[in-house]
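The next block is start_0.txt, given as compact mmCIF, C-alpha atoms.
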# COMPACT_ATOMS: atom_id res chain seq x y z
CA MET A 530 79.78 175.72 -21.50
CA VAL A 531 78.12 179.13 -21.53
CA GLN A 532 80.40 182.10 -22.05
CA ARG A 533 79.49 185.73 -21.71
CA LYS A 534 79.70 187.88 -24.81
CA GLU A 535 82.74 189.73 -23.53
CA GLU A 536 84.62 186.46 -22.99
CA VAL A 537 83.79 185.14 -26.44
CA MET A 538 84.63 188.35 -28.30
CA SER A 539 87.79 189.08 -26.35
CA SER A 540 89.28 185.86 -27.70
CA PHE A 541 89.27 187.27 -31.25
CA PRO A 542 91.89 190.04 -30.85
CA ASP A 543 93.96 187.82 -28.55
CA ARG A 544 94.56 185.38 -31.42
CA LEU A 545 96.15 187.99 -33.72
CA PRO A 546 98.82 187.87 -35.11
CA SER A 547 99.83 184.43 -33.76
CA GLY A 548 96.76 182.81 -35.28
CA GLY A 549 93.16 183.92 -35.60
CA LEU A 550 89.99 182.19 -34.50
CA LEU A 551 88.96 179.31 -36.78
CA ILE A 552 85.19 178.97 -37.15
CA GLY A 553 83.70 175.96 -38.92
CA MET A 554 80.32 175.93 -40.66
CA VAL A 555 77.59 173.36 -40.06
CA HIS A 556 75.28 173.66 -43.06
CA VAL A 557 72.02 172.14 -41.80
CA ARG A 558 70.23 170.06 -44.43
CA ALA A 559 66.98 171.41 -45.91
CA LEU A 560 64.37 171.77 -43.18
CA PRO A 561 60.66 170.86 -43.24
CA GLY A 562 58.56 173.04 -45.50
CA THR A 563 61.45 174.21 -47.69
CA PRO A 564 61.64 173.27 -51.40
CA ARG A 565 64.67 170.98 -51.02
CA HIS A 566 63.50 169.17 -47.90
CA GLU A 567 63.89 165.38 -48.17
CA LEU A 568 65.37 163.92 -44.98
CA PRO A 569 63.54 163.17 -41.73
CA VAL A 570 64.36 165.63 -38.96
CA ASP A 571 66.09 162.86 -37.00
CA GLU A 572 68.52 162.37 -39.90
CA ILE A 573 69.05 166.13 -40.35
CA GLU A 574 69.90 166.34 -36.67
CA ARG A 575 72.27 163.35 -36.86
CA ILE A 576 74.22 164.84 -39.77
CA ALA A 577 74.48 168.28 -38.15
CA LEU A 578 75.66 166.77 -34.87
CA HIS A 579 78.23 164.62 -36.66
CA GLU A 580 79.59 167.65 -38.53
CA ALA A 581 79.77 169.78 -35.38
CA MET A 582 81.56 167.09 -33.40
CA THR A 583 83.96 166.41 -36.27
CA LEU A 584 84.92 170.08 -36.44
CA ALA A 585 85.26 170.40 -32.67
CA ASP A 586 87.37 167.25 -32.46
CA ALA A 587 89.60 168.55 -35.27
CA GLY A 588 90.43 171.63 -33.18
CA PHE A 589 88.17 174.34 -34.60
CA ASP A 590 87.75 177.18 -32.11
CA ALA A 591 84.06 177.80 -32.75
CA ILE A 592 81.15 176.47 -34.79
CA LEU A 593 78.51 178.35 -36.77
CA ILE A 594 75.17 176.63 -37.48
CA GLU A 595 73.26 177.80 -40.56
CA ASN A 596 70.19 176.66 -42.54
CA MET A 597 72.10 176.97 -45.81
CA HIS A 598 70.12 174.28 -47.65
CA ASP A 599 66.77 176.10 -47.24
CA LEU A 600 67.06 177.76 -50.68
CA PRO A 601 65.47 179.94 -51.87
CA TYR A 602 65.42 181.92 -48.65
CA LEU A 603 62.62 183.89 -47.07
CA ASN A 604 63.25 187.56 -46.31
CA ARG A 605 63.71 188.21 -42.57
CA THR A 606 60.72 186.13 -41.39
CA VAL A 607 60.86 182.32 -41.33
CA GLY A 608 58.18 179.91 -40.19
CA PRO A 609 57.84 178.28 -36.78
CA GLU A 610 58.92 174.97 -38.31
CA ILE A 611 62.34 176.48 -39.13
CA VAL A 612 62.77 178.01 -35.69
CA SER A 613 61.69 174.75 -34.05
CA ALA A 614 64.07 172.61 -36.11
CA MET A 615 67.02 174.95 -35.64
CA THR A 616 66.31 175.08 -31.89
CA ARG A 617 66.27 171.27 -31.71
CA ILE A 618 69.52 170.96 -33.64
CA SER A 619 71.20 173.75 -31.68
CA THR A 620 70.24 172.13 -28.37
CA VAL A 621 71.76 168.79 -29.37
CA ILE A 622 74.97 170.38 -30.65
CA ARG A 623 75.27 172.56 -27.54
CA SER A 624 75.04 169.47 -25.34
CA ALA A 625 77.84 167.74 -27.26
CA VAL A 626 80.31 170.55 -28.02
CA GLU A 627 82.09 172.81 -25.54
CA CYS A 628 83.54 175.43 -27.88
CA PRO A 629 81.64 178.66 -28.65
CA ILE A 630 78.70 178.13 -30.99
CA GLY A 631 76.92 180.66 -33.18
CA ILE A 632 73.87 180.57 -35.39
CA GLN A 633 72.59 182.27 -38.52
CA VAL A 634 69.02 181.88 -39.75
CA LEU A 635 68.70 182.72 -43.43
CA ALA A 636 67.87 185.08 -44.78
CA GLY A 637 68.34 187.88 -42.33
CA ALA A 638 66.11 186.29 -39.66
CA ASN A 639 68.30 187.86 -37.02
CA GLN A 640 65.68 188.05 -34.28
CA ALA A 641 64.87 184.36 -34.74
CA ALA A 642 68.58 183.54 -34.51
CA LEU A 643 68.87 185.65 -31.36
CA ALA A 644 65.93 183.87 -29.72
CA ILE A 645 67.38 180.45 -30.57
CA ALA A 646 70.81 181.45 -29.30
CA HIS A 647 69.31 182.76 -26.06
CA CYS A 648 67.23 179.64 -25.38
CA CYS A 649 69.96 177.17 -26.41
CA ASN A 650 72.85 178.86 -24.61
CA LEU A 651 74.71 179.64 -27.81
CA ASP A 652 77.31 182.37 -27.85
CA PHE A 653 76.87 184.53 -30.94
CA ILE A 654 74.76 185.16 -34.01
CA ARG A 655 75.75 186.11 -37.55
CA ALA A 656 73.52 188.99 -38.61
CA GLU A 657 72.75 190.12 -42.16
CA ALA A 658 71.85 193.74 -42.95
CA PHE A 659 72.57 194.96 -39.43
CA VAL A 660 73.32 198.39 -40.88
CA HIS A 661 72.45 199.83 -44.30
CA ALA A 662 69.87 198.40 -46.67
CA HIS A 663 70.72 196.20 -49.63
CA VAL A 664 68.99 194.23 -52.35
CA ALA A 665 69.65 190.49 -52.15
CA ASP A 666 68.29 187.34 -53.77
CA GLU A 667 65.34 187.64 -51.38
CA GLY A 668 64.60 191.25 -52.36
CA MET A 669 65.02 194.48 -50.44
CA MET A 670 66.40 194.05 -46.92
CA ASN A 671 66.40 197.04 -44.60
CA ALA A 672 68.79 197.47 -41.69
CA ASP A 673 67.63 196.05 -38.37
CA ALA A 674 70.19 197.12 -35.76
CA ALA A 675 67.63 199.14 -33.81
CA GLU A 676 65.08 196.33 -33.61
CA LEU A 677 67.66 193.60 -32.99
CA LEU A 678 69.43 195.37 -30.14
CA ARG A 679 66.11 196.23 -28.51
CA GLU A 680 65.08 192.58 -28.76
CA ARG A 681 68.39 191.49 -27.23
CA LYS A 682 67.77 193.88 -24.35
CA ARG A 683 64.15 192.76 -23.94
CA LEU A 684 65.17 189.10 -23.75
CA GLY A 685 67.99 189.79 -21.35
CA ALA A 686 70.33 188.23 -23.91
CA GLU A 687 73.13 190.80 -23.77
CA ARG A 688 75.69 188.00 -23.35
CA ILE A 689 75.08 186.95 -26.97
CA ALA A 690 77.49 188.60 -29.41
CA ILE A 691 76.23 190.02 -32.70
CA ILE A 692 78.72 189.61 -35.54
CA ALA A 693 77.45 191.62 -38.49
CA ASP A 694 78.04 191.12 -42.19
CA ILE A 695 78.95 194.34 -43.99
CA CYS A 696 78.31 194.64 -47.73
CA LYS A 697 77.38 190.97 -47.61
CA LYS A 698 77.73 188.44 -50.38
CA HIS A 699 74.85 187.55 -52.73
CA ALA A 700 73.58 191.13 -52.63
CA SER A 701 73.69 194.38 -54.56
CA HIS A 702 74.89 197.45 -52.69
CA ALA A 703 74.19 200.04 -55.37
CA ILE A 704 71.91 201.96 -53.02
CA THR A 705 74.89 202.57 -50.73
CA ALA A 706 77.43 203.04 -53.51
CA ASP A 707 78.45 206.40 -52.06
CA LEU A 708 79.75 204.61 -48.95
CA THR A 709 83.02 202.73 -48.66
CA LEU A 710 83.41 199.38 -46.96
CA ALA A 711 85.15 201.26 -44.18
CA ASP A 712 82.03 203.43 -43.82
CA HIS A 713 79.93 200.27 -43.41
CA ALA A 714 82.32 198.97 -40.75
CA SER A 715 82.24 202.27 -38.88
CA ALA A 716 78.43 202.28 -38.99
CA ALA A 717 78.28 198.73 -37.62
CA MET A 718 80.53 199.74 -34.73
CA PHE A 719 78.54 202.93 -34.12
CA CYS A 720 75.28 200.97 -34.02
CA GLY A 721 76.54 198.39 -31.55
CA ALA A 722 77.80 195.32 -33.42
CA ASP A 723 80.30 193.18 -31.54
CA GLY A 724 82.26 192.21 -34.65
CA VAL A 725 82.09 192.52 -38.44
CA ILE A 726 82.30 189.99 -41.26
CA VAL A 727 83.88 190.73 -44.64
CA THR A 728 83.02 188.46 -47.60
CA GLY A 729 83.59 188.03 -51.31
CA ASN A 730 80.71 188.41 -53.75
CA ALA A 731 79.30 184.91 -53.27
CA THR A 732 79.66 181.73 -51.23
CA GLY A 733 83.14 180.36 -51.82
CA ASP A 734 84.47 183.60 -53.33
CA PRO A 735 87.70 184.85 -51.71
CA VAL A 736 87.88 188.09 -49.77
CA ASN A 737 89.92 190.99 -51.11
CA THR A 738 92.73 191.39 -48.60
CA GLY A 739 92.75 195.11 -49.27
CA ASP A 740 89.19 195.19 -47.96
CA LEU A 741 90.40 193.57 -44.74
CA ASP A 742 93.06 196.25 -44.35
CA ALA A 743 90.49 199.01 -44.88
CA VAL A 744 88.06 197.56 -42.36
CA ARG A 745 90.78 196.92 -39.79
CA ALA A 746 91.80 200.58 -40.11
CA ALA A 747 88.21 201.79 -39.72
CA THR A 748 87.11 199.91 -36.61
CA ASP A 749 88.37 198.46 -33.36
CA LEU A 750 85.91 195.59 -33.67
CA PRO A 751 87.06 192.04 -34.43
CA VAL A 752 87.16 191.52 -38.20
CA ILE A 753 86.16 188.08 -39.51
CA VAL A 754 86.63 186.62 -43.00
CA GLY A 755 83.25 185.25 -44.11
CA SER A 756 83.81 183.49 -47.43
CA GLY A 757 86.31 181.80 -49.69
CA ALA A 758 88.87 180.72 -47.09
CA THR A 759 90.92 177.62 -47.98
CA ALA A 760 93.71 175.69 -46.32
CA GLN A 761 96.11 177.49 -48.64
CA SER A 762 94.82 181.02 -47.95
CA ILE A 763 94.18 180.77 -44.21
CA PRO A 764 97.75 181.57 -43.07
CA ASP A 765 97.73 184.89 -44.95
CA LEU A 766 94.15 185.68 -43.94
CA MET A 767 94.99 185.12 -40.28
CA LYS A 768 97.59 187.89 -40.58
CA LYS A 769 94.89 190.30 -41.73
CA ALA A 770 91.82 189.27 -39.71
CA HIS A 771 90.95 188.18 -36.19
CA GLY A 772 89.17 185.07 -37.41
CA VAL A 773 88.07 183.06 -40.42
CA ILE A 774 84.78 181.28 -41.11
CA VAL A 775 85.27 178.18 -43.28
CA GLY A 776 82.44 176.35 -45.04
CA SER A 777 82.87 175.32 -48.66
CA ASP A 778 86.49 174.19 -48.38
CA LEU A 779 85.53 171.69 -45.67
CA LYS A 780 83.42 169.74 -48.14
CA VAL A 781 84.08 167.17 -50.84
CA ASP A 782 85.42 168.98 -53.95
CA GLY A 783 85.15 172.29 -52.08
CA GLN A 784 81.38 172.48 -52.71
CA TRP A 785 79.31 173.77 -49.80
CA ASP A 786 76.40 171.35 -50.36
CA ASN A 787 78.57 168.19 -50.30
CA GLU A 788 79.52 166.03 -47.34
CA LEU A 789 82.41 166.88 -45.06
CA ASP A 790 85.79 165.76 -46.37
CA GLY A 791 87.90 164.48 -43.50
CA GLU A 792 91.19 165.27 -45.19
CA ARG A 793 90.11 168.82 -45.98
CA VAL A 794 88.95 169.30 -42.38
CA LYS A 795 92.37 168.21 -41.08
CA ALA A 796 94.20 170.41 -43.59
CA ILE A 797 92.22 173.48 -42.59
CA ALA A 798 92.58 172.79 -38.86
CA ASN A 799 96.35 172.52 -39.34
CA ALA A 800 96.64 175.55 -41.63
CA ARG A 801 97.24 178.17 -38.96
Show this structure as C-alpha cells.
Amino acid sequence: MVQRKEEVMSSFPDRLPSGGLLIGMVHVRALPGTPRHELPVDEIERIALHEAMTLADAGFDAILIENMHDLPYLNRTVGPEIVSAMTRISTVIRSAVECPIGIQVLAGANQAALAIAHCCNLDFIRAEAFVHAHVADEGMMNADAAELLRERKRLGAERIAIIADICKKHASHAITADLTLADHASAAMFCGADGVIVTGNATGDPVNTGDLDAVRAATDLPVIVGSGATAQSIPDLMKKAHGVIVGSDLKVDGQWDNELDGERVKAIANAR
C-alpha cells in the first residue's frame, strides 16, 4: 500500500492527544562486508521479515528498517552491497506489510535511504544531520538538507517524507552550542523537513520531556520521540509527542541487539 507523503504525515497530528503513532524498529542483522557480518543474506532477510510482520500483527502503526548491526558505521557513504541488501529486505517487507514503512541507512546515508525508499515504495526516511553539522562516532557530519531535497526532486520522490533527527544521539553538538534545541527544530522546518525526531544521548536513553515541550512550541511539524521509550513511559510520551519510535524495549532484556521479546512487544503495543 503506497501512501503519499501528505497522507502519511497527516496521520501524526491526528493521533494527538488520544494516542500518538507507534513506530517499531527492525534492526537488520549485520550486512555483507561489515565487521560483524555472520549470517547468510537469506537468513538476515528471514529475521527482518519476521520482526516486521510481528510488529505489524501486534498493531504497530508503522515500521522503521535500519542497518543497526553494521557497527562501526561509515560516514554518509555506504557500499553498493549495503544498498543492495537493504533494497532486497525492504522489498520483501513491503510486500508483506501494509502499514507505512520507513528506512534509515547508517550513518547519515540519507540519499541512499531515499533511493531505496523510492524504489521499494516505502513511505518515509529517517535522516541524520539534515540541518547543522555535528561530530559523531563516525567523525564530522555536515548538514545535507540542500543535497537531499534536490535529490528527492530529481528522483520524483516527493511523496517520501523526510523525518529529521535534531541534535541526534551518539554525537557531540559543541559546534552548535549557541543554538537551542528549539533553534534546531525551527531550522529543520525552515529547510523543508516533514517531521523532527528528538532523542536522548544514546540508544536506549530516555528523552527529556522538557525538550519535547520546547520543540513542540518551536515548530508545527510532527515531533517524534526517537530513543528510550518503554511500555511504562509511552503513555506520558504520547501526551507530549505525535509519535514514538521503539527499538530497544522490544528486545529480550531491553537490549537493542537481542531477539524480539513477544511479551515486550505486546506490552508496548497495548501501552497507549
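Closest approach to Ile797 in chain A among A:Leu603, A:Leu551, A:Leu766, A:Cys649 is made by A:Leu551 (distances from all atoms listed in the file).
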(message) Using all atoms listed in the file, can you tell me which of A:Met670, A:Val570, A:Ala700, A:Lys768 comes closest to Thr606 in chain A?
(response)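 Among A:Met670, A:Val570, A:Ala700, A:Lys768, it is A:Met670 that comes nearest to Thr606 in chain A.
Between CA of Gly608 in chain A and CA of Asp673 in chain A the separation is 18.8 Å.
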(request) Tell me which of A:Ser715, A:Ser624, A:Thr748, A:Ser701 sits closest to Gly668 in chain A, counting all atoms listed in the file. (result) A:Ser701
(message) My list of candidates is A:Cys628, A:Ala672, A:Ala656, A:Ala641. Which is closest to Gly588 in chain A when distances are computed with only C-alpha atoms?
(response)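 That would be A:Cys628, the residue with the smallest distance to Gly588 in chain A.
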